[in-house]
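Presented below is the structure to which this report refers.
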Amino acid sequence: MAIGYLIVQAKTAHDAIPLEGVRIRITDDEGQSVYELVTDESGLAPLVSLETVGRELSLDPYYIGNPYVGYNVFAQAAGFDSMSIKGIPIYDGETAIQQLMLTPMQGSARNASTTEISLNKPAASMREGRYQEAPVSEPRVLRQVVIPDPITVHLGRPSAYASNVQVSFPDYVKNAASSEIYPTWPEAALRANIYAIITFALNRVFTEW
């Protein structure tokens, strides 16, 4: 069995303050506990090794399964709402970094609530085609290219009712890349896809689509 790695980091106050003493439980896809950890003064839990599948599967274009193994993380700390993230992909020989943003409990709340997040499969593993919807109105072109920081991301199709969130442009690129491609690919393939992600996003801003 191949081995991958996971680091969990907990923060609060819009990613500004690391959280010490957060209890982290890592489970497999069957819900069996694998690790029980606690974050240090930097908000970091110890690096852990996790069983996964061989990296050669992620390099085979005809492989139809998942070339990784998904694990779950549950985090809780006194005075903060809990967080549950399911399906964190662990790849052979790669280190996944899962950041957790914990929010303080509401002053009137007696019990902590839990934010649940389920990670979808990377786009590289999807066999069905994906299509972009045209904008409702004609796009306009700005006078100059603008690098948005933060960038506003719509969490759904253009016409779908979904939340708009703002993230830093580097974080957007990192999150988009980790949701699209496999980290086990050759460096040239990673660079090509990341350049495509950057230029695609800048084009949407430049044309105000």
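Chain labels run A, B, ... following the order of the structure tokens; each chain numbers its residues from 1, and ligands are numbered from 1 in the order shown.
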Handout entry: Residues near range 95-101 of chain A, cut-off 8 Å, only C-alpha atoms, skip fewer than 6 positions along chain, as a list in words
Key =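 What passes the distance filter is Gly4, Tyr5, Leu6, Ile7, Val8, Gln9, Ala10, Lys11, Thr12, His14, Asp15, Met83, Ile88 and Pro89 of chain A.
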Export of the given selection (N, CA and C atoms) as a JSON list (two decimals), in the first residue's frame:
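Okay, this is what ended up in again_25.json:
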```json
[["chain", "number", "residue", "atom", "x", "y", "z"],
["A", 4, "GLY", "N", 0.65, 8.49, 1.67],
["A", 4, "GLY", "CA", 0.60, 9.93, 1.49],
["A", 4, "GLY", "C", 0.59, 10.59, 2.85],
["A", 5, "TYR", "N", 0.55, 11.91, 2.87],
["A", 5, "TYR", "CA", 0.70, 12.64, 4.13],
["A", 5, "TYR", "C", -0.33, 13.75, 4.24],
["A", 6, "LEU", "N", -0.63, 14.12, 5.48],
["A", 6, "LEU", "CA", -1.63, 15.17, 5.73],
["A", 6, "LEU", "C", -1.17, 16.05, 6.89],
["A", 7, "ILE", "N", -1.30, 17.36, 6.68],
["A", 7, "ILE", "CA", -1.09, 18.35, 7.73],
["A", 7, "ILE", "C", -2.39, 19.14, 7.87],
["A", 8, "VAL", "N", -2.84, 19.32, 9.11],
["A", 8, "VAL", "CA", -4.04, 20.11, 9.38],
["A", 8, "VAL", "C", -3.63, 21.36, 10.14],
["A", 9, "GLN", "N", -4.15, 22.51, 9.69],
["A", 9, "GLN", "CA", -3.87, 23.78, 10.37],
["A", 9, "GLN", "C", -5.18, 24.48, 10.68],
["A", 10, "ALA", "N", -5.33, 24.92, 11.92],
["A", 10, "ALA", "CA", -6.56, 25.59, 12.35],
["A", 10, "ALA", "C", -6.27, 27.06, 12.63],
["A", 11, "LYS", "N", -7.17, 27.92, 12.11],
["A", 11, "LYS", "CA", -7.04, 29.36, 12.32],
["A", 11, "LYS", "C", -8.42, 29.95, 12.59],
["A", 12, "THR", "N", -8.42, 31.24, 13.00],
["A", 12, "THR", "CA", -9.66, 31.97, 13.18],
["A", 12, "THR", "C", -9.42, 33.42, 12.80],
["A", 14, "HIS", "N", -10.64, 35.30, 10.27],
["A", 14, "HIS", "CA", -10.35, 35.46, 8.84],
["A", 14, "HIS", "C", -8.91, 35.07, 8.52],
["A", 15, "ASP", "N", -8.51, 33.92, 9.03],
["A", 15, "ASP", "CA", -7.20, 33.35, 8.71],
["A", 15, "ASP", "C", -6.05, 34.10, 9.36],
["A", 83, "MET", "N", -15.98, 21.83, 12.98],
["A", 83, "MET", "CA", -15.91, 21.73, 11.52],
["A", 83, "MET", "C", -15.65, 20.28, 11.12],
["A", 88, "ILE", "N", -11.07, 14.33, 1.97],
["A", 88, "ILE", "CA", -9.79, 14.97, 1.67],
["A", 88, "ILE", "C", -8.93, 13.97, 0.91],
["A", 89, "PRO", "N", -8.52, 14.29, -0.32],
["A", 89, "PRO", "CA", -7.77, 13.31, -1.12],
["A", 89, "PRO", "C", -6.31, 13.21, -0.68]]
```
Exercise for the section: Could you find all residues in range 152-197 of chain A that DSSP calls strand (DSSP E) from the backbone, and write them as a list in words? Expected result: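 Selection result, strand (DSSP E) within range 152-197 of chain A: Thr152, Val153, His154, Asn164, Val165, Gln166 and Val167 of chain A.
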Could you write those residues out with N, CA and C atoms, as a PDB file, in the first residue's frame?
```
ATOM      1  N   THR A 152     -13.936  37.627  -6.335  1.00  0.00           N
ATOM      2  CA  THR A 152     -15.259  37.141  -5.943  1.00  0.00           C
ATOM      3  C   THR A 152     -15.583  35.877  -6.725  1.00  0.00           C
ATOM      4  N   VAL A 153     -15.954  34.825  -6.010  1.00  0.00           N
ATOM      5  CA  VAL A 153     -16.244  33.533  -6.620  1.00  0.00           C
ATOM      6  C   VAL A 153     -17.697  33.174  -6.345  1.00  0.00           C
ATOM      7  N   HIS A 154     -18.416  32.822  -7.407  1.00  0.00           N
ATOM      8  CA  HIS A 154     -19.809  32.377  -7.281  1.00  0.00           C
ATOM      9  C   HIS A 154     -19.810  30.870  -7.129  1.00  0.00           C
ATOM     10  N   ASN A 164     -21.870  34.106  -3.005  1.00  0.00           N
ATOM     11  CA  ASN A 164     -20.649  34.699  -3.536  1.00  0.00           C
ATOM     12  C   ASN A 164     -19.675  34.869  -2.376  1.00  0.00           C
ATOM     13  N   VAL A 165     -18.447  34.393  -2.542  1.00  0.00           N
ATOM     14  CA  VAL A 165     -17.433  34.525  -1.500  1.00  0.00           C
ATOM     15  C   VAL A 165     -16.226  35.237  -2.084  1.00  0.00           C
ATOM     16  N   GLN A 166     -15.461  35.882  -1.219  1.00  0.00           N
ATOM     17  CA  GLN A 166     -14.245  36.560  -1.639  1.00  0.00           C
ATOM     18  C   GLN A 166     -13.032  35.872  -1.023  1.00  0.00           C
ATOM     19  N   VAL A 167     -12.060  35.572  -1.871  1.00  0.00           N
ATOM     20  CA  VAL A 167     -10.807  34.964  -1.428  1.00  0.00           C
ATOM     21  C   VAL A 167      -9.659  35.693  -2.110  1.00  0.00           C
TER      22      VAL A 167
END
```
Practice task
Once DSSP has gone over the backbone, tell me which residues of range 33-179 of chain A are in helix (DSSP H, G or I), as a list in words.
Solution key: Arg55, Glu56, Leu57, Ser58, Leu59, Ala123, Ala124, Ser125, Phe169, Pro170, Asp171, Tyr172, Val173, Lys174, Asn175, Ala176, Ala177, Ser178 and Ser179 of chain A
Can you spit out the residues from that selection as a compact mmCIF listing (two decimals), in the first residue's frame, using all heavy atoms?
```txt
# COMPACT_ATOMS: atom_id res chain seq x y z
N ARG A 55 0.66 6.05 -7.11
CA ARG A 55 0.59 7.24 -7.93
C ARG A 55 0.49 6.91 -9.41
O ARG A 55 0.05 7.76 -10.21
CB ARG A 55 1.78 8.16 -7.66
CG ARG A 55 3.11 7.63 -8.09
CD ARG A 55 4.25 8.50 -7.59
NE ARG A 55 4.24 9.85 -8.10
CZ ARG A 55 4.19 10.95 -7.35
NH1 ARG A 55 4.15 10.85 -6.04
NH2 ARG A 55 4.20 12.14 -7.89
N GLU A 56 0.88 5.71 -9.82
CA GLU A 56 0.81 5.36 -11.25
C GLU A 56 -0.63 5.40 -11.76
O GLU A 56 -0.87 5.64 -12.95
CB GLU A 56 1.42 3.99 -11.49
CG GLU A 56 0.69 2.81 -10.90
CD GLU A 56 1.03 2.56 -9.44
OE1 GLU A 56 1.85 3.33 -8.88
OE2 GLU A 56 0.50 1.59 -8.86
N LEU A 57 -1.60 5.21 -10.88
CA LEU A 57 -3.00 5.26 -11.29
C LEU A 57 -3.39 6.66 -11.76
O LEU A 57 -4.22 6.82 -12.66
CB LEU A 57 -3.91 4.80 -10.16
CG LEU A 57 -3.71 3.37 -9.67
CD1 LEU A 57 -4.65 3.06 -8.50
CD2 LEU A 57 -3.91 2.38 -10.80
N SER A 58 -2.83 7.70 -11.13
CA SER A 58 -3.15 9.08 -11.51
C SER A 58 -2.49 9.48 -12.82
O SER A 58 -2.83 10.52 -13.40
CB SER A 58 -2.72 10.05 -10.41
OG SER A 58 -1.30 10.03 -10.26
N LEU A 59 -1.56 8.67 -13.31
CA LEU A 59 -0.88 8.95 -14.58
C LEU A 59 -1.44 8.12 -15.72
O LEU A 59 -1.00 8.26 -16.87
CB LEU A 59 0.62 8.68 -14.43
CG LEU A 59 1.33 9.45 -13.32
CD1 LEU A 59 2.78 9.00 -13.20
CD2 LEU A 59 1.25 10.95 -13.57
N ALA A 123 -11.78 17.52 -11.09
CA ALA A 123 -12.35 17.51 -12.44
C ALA A 123 -11.63 16.52 -13.34
O ALA A 123 -12.23 15.99 -14.28
CB ALA A 123 -12.29 18.91 -13.03
N ALA A 124 -10.35 16.27 -13.08
CA ALA A 124 -9.59 15.34 -13.92
C ALA A 124 -10.17 13.94 -13.90
O ALA A 124 -9.95 13.16 -14.84
CB ALA A 124 -8.14 15.32 -13.48
N SER A 125 -10.91 13.59 -12.86
CA SER A 125 -11.48 12.24 -12.76
C SER A 125 -12.88 12.15 -13.35
O SER A 125 -13.44 11.06 -13.42
CB SER A 125 -11.52 11.81 -11.29
OG SER A 125 -12.42 12.62 -10.55
N PHE A 169 -6.46 36.18 -4.49
CA PHE A 169 -6.24 35.59 -5.81
C PHE A 169 -5.32 34.37 -5.73
O PHE A 169 -5.60 33.34 -6.36
CB PHE A 169 -5.69 36.63 -6.79
CG PHE A 169 -5.74 36.17 -8.22
CD1 PHE A 169 -6.94 36.04 -8.88
CD2 PHE A 169 -4.58 35.86 -8.90
CE1 PHE A 169 -7.00 35.61 -10.19
CE2 PHE A 169 -4.62 35.42 -10.22
CZ PHE A 169 -5.83 35.30 -10.86
N PRO A 170 -4.20 34.42 -4.97
CA PRO A 170 -3.37 33.21 -4.85
C PRO A 170 -4.14 32.03 -4.26
O PRO A 170 -3.97 30.89 -4.72
CB PRO A 170 -2.23 33.66 -3.94
CG PRO A 170 -2.12 35.12 -4.15
CD PRO A 170 -3.55 35.58 -4.32
N ASP A 171 -4.99 32.28 -3.25
CA ASP A 171 -5.77 31.19 -2.67
C ASP A 171 -6.75 30.63 -3.68
O ASP A 171 -7.00 29.42 -3.73
CB ASP A 171 -6.51 31.66 -1.42
CG ASP A 171 -5.62 31.71 -0.20
OD1 ASP A 171 -4.50 31.16 -0.26
OD2 ASP A 171 -6.02 32.33 0.81
N TYR A 172 -7.34 31.52 -4.50
CA TYR A 172 -8.25 31.05 -5.53
C TYR A 172 -7.54 30.10 -6.50
O TYR A 172 -8.06 29.02 -6.83
CB TYR A 172 -8.85 32.22 -6.31
CG TYR A 172 -9.52 31.78 -7.59
CD1 TYR A 172 -10.78 31.19 -7.57
CD2 TYR A 172 -8.89 31.92 -8.82
CE1 TYR A 172 -11.39 30.74 -8.73
CE2 TYR A 172 -9.48 31.48 -9.99
CZ TYR A 172 -10.74 30.90 -9.94
OH TYR A 172 -11.33 30.45 -11.09
N VAL A 173 -6.36 30.50 -6.95
CA VAL A 173 -5.62 29.67 -7.90
C VAL A 173 -5.27 28.33 -7.27
O VAL A 173 -5.43 27.27 -7.89
CB VAL A 173 -4.35 30.41 -8.38
CG1 VAL A 173 -3.50 29.49 -9.25
CG2 VAL A 173 -4.72 31.66 -9.15
N LYS A 174 -4.80 28.35 -6.01
CA LYS A 174 -4.44 27.10 -5.34
C LYS A 174 -5.66 26.20 -5.17
O LYS A 174 -5.58 24.98 -5.41
CB LYS A 174 -3.81 27.41 -3.98
CG LYS A 174 -2.41 28.00 -4.07
CD LYS A 174 -1.76 28.12 -2.71
CE LYS A 174 -2.41 29.18 -1.86
NZ LYS A 174 -1.69 29.37 -0.57
N ASN A 175 -6.78 26.77 -4.76
CA ASN A 175 -7.98 25.96 -4.55
C ASN A 175 -8.53 25.42 -5.87
O ASN A 175 -8.99 24.28 -5.93
CB ASN A 175 -9.04 26.78 -3.83
CG ASN A 175 -8.71 27.02 -2.37
OD1 ASN A 175 -8.11 26.17 -1.73
ND2 ASN A 175 -9.07 28.16 -1.85
N ALA A 176 -8.50 26.25 -6.91
CA ALA A 176 -8.98 25.79 -8.22
C ALA A 176 -8.10 24.66 -8.74
O ALA A 176 -8.59 23.65 -9.25
CB ALA A 176 -9.01 26.95 -9.21
N ALA A 177 -6.78 24.83 -8.61
CA ALA A 177 -5.86 23.80 -9.10
C ALA A 177 -6.07 22.48 -8.36
O ALA A 177 -6.12 21.40 -8.98
CB ALA A 177 -4.42 24.27 -8.97
N SER A 178 -6.21 22.54 -7.04
CA SER A 178 -6.37 21.31 -6.27
C SER A 178 -7.73 20.65 -6.53
O SER A 178 -7.91 19.46 -6.25
CB SER A 178 -6.21 21.58 -4.77
OG SER A 178 -7.23 22.45 -4.30
N SER A 179 -8.68 21.41 -7.08
CA SER A 179 -9.99 20.86 -7.41
C SER A 179 -10.07 20.37 -8.85
O SER A 179 -11.06 19.74 -9.24
CB SER A 179 -11.08 21.92 -7.19
OG SER A 179 -11.11 22.35 -5.86
```
Problem - Contact residues around range 26-33 of chain A with only C-alpha atoms at 12 Å, ignoring same-chain residues under 5 positions, as a PyMOL selection string - result: chain A and resi 6-8+38+45-52+68-75+84-90+98
Problem - Nearest candidate to Leu102 in chain A (options A:Asp81, A:Gly156, A:Ser118, A:Met126; using only C-alpha atoms) - result: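 Looking at the shortest contact to Leu102 in chain A, the residue is A:Asp81.
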Problem - Separation of CA of Val53 in chain A from CA of Asn66 in chain A, in Å and rounded to one decimal - result: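 CA of Asn66 in chain A lies at a distance of 8.9 Å from CA of Val53 in chain A.
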Practice task
Work out how far CA of Glu41 in chain A is from CA of Gly21 in chain A, in Å to one decimal.
Solution key: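 Those two atoms sit 7.7 Å apart.
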Problem - Which of A:Gln76, A:Thr39, A:Ser113, A:Asn203 sits closest to Val146 in chain A [using only C-alpha atoms] - result: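 When distances to Val146 in chain A are compared using only C-alpha atoms, the smallest one comes from A:Asn203.
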Exercise for the section: May I ask for the distance between CA of Arg204 in chain A and CA of Ala162 in chain A, given in Å to one decimal place? Expected result: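 One can read the CA of Arg204 in chain A to CA of Ala162 in chain A distance as 18.2 Å.
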Handout entry: Distance query Ser108 in chain A at most 12 Å, only C-alpha atoms, self and fewer than 4 positions along chain excluded, as a ChimeraX atom specification
Key = /A:79,104,112
Exercise for the section: Excluding Thr207 in chain A and residues on its chain fewer than 2 positions from it, collect all residues at most 9 Å away from it, counting only C-alpha atoms, and give them as number ranges by chain. Expected result: A: 139-142, 202-205, 209
Practice task
Go through A:Arg23, A:Pro158, A:Ala78, A:Thr114 and flag the residue nearest Tyr35 in chain A, using only C-alpha atoms for the distances.
Solution key: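 Under the stated criterion, the closest residue is A:Arg23.
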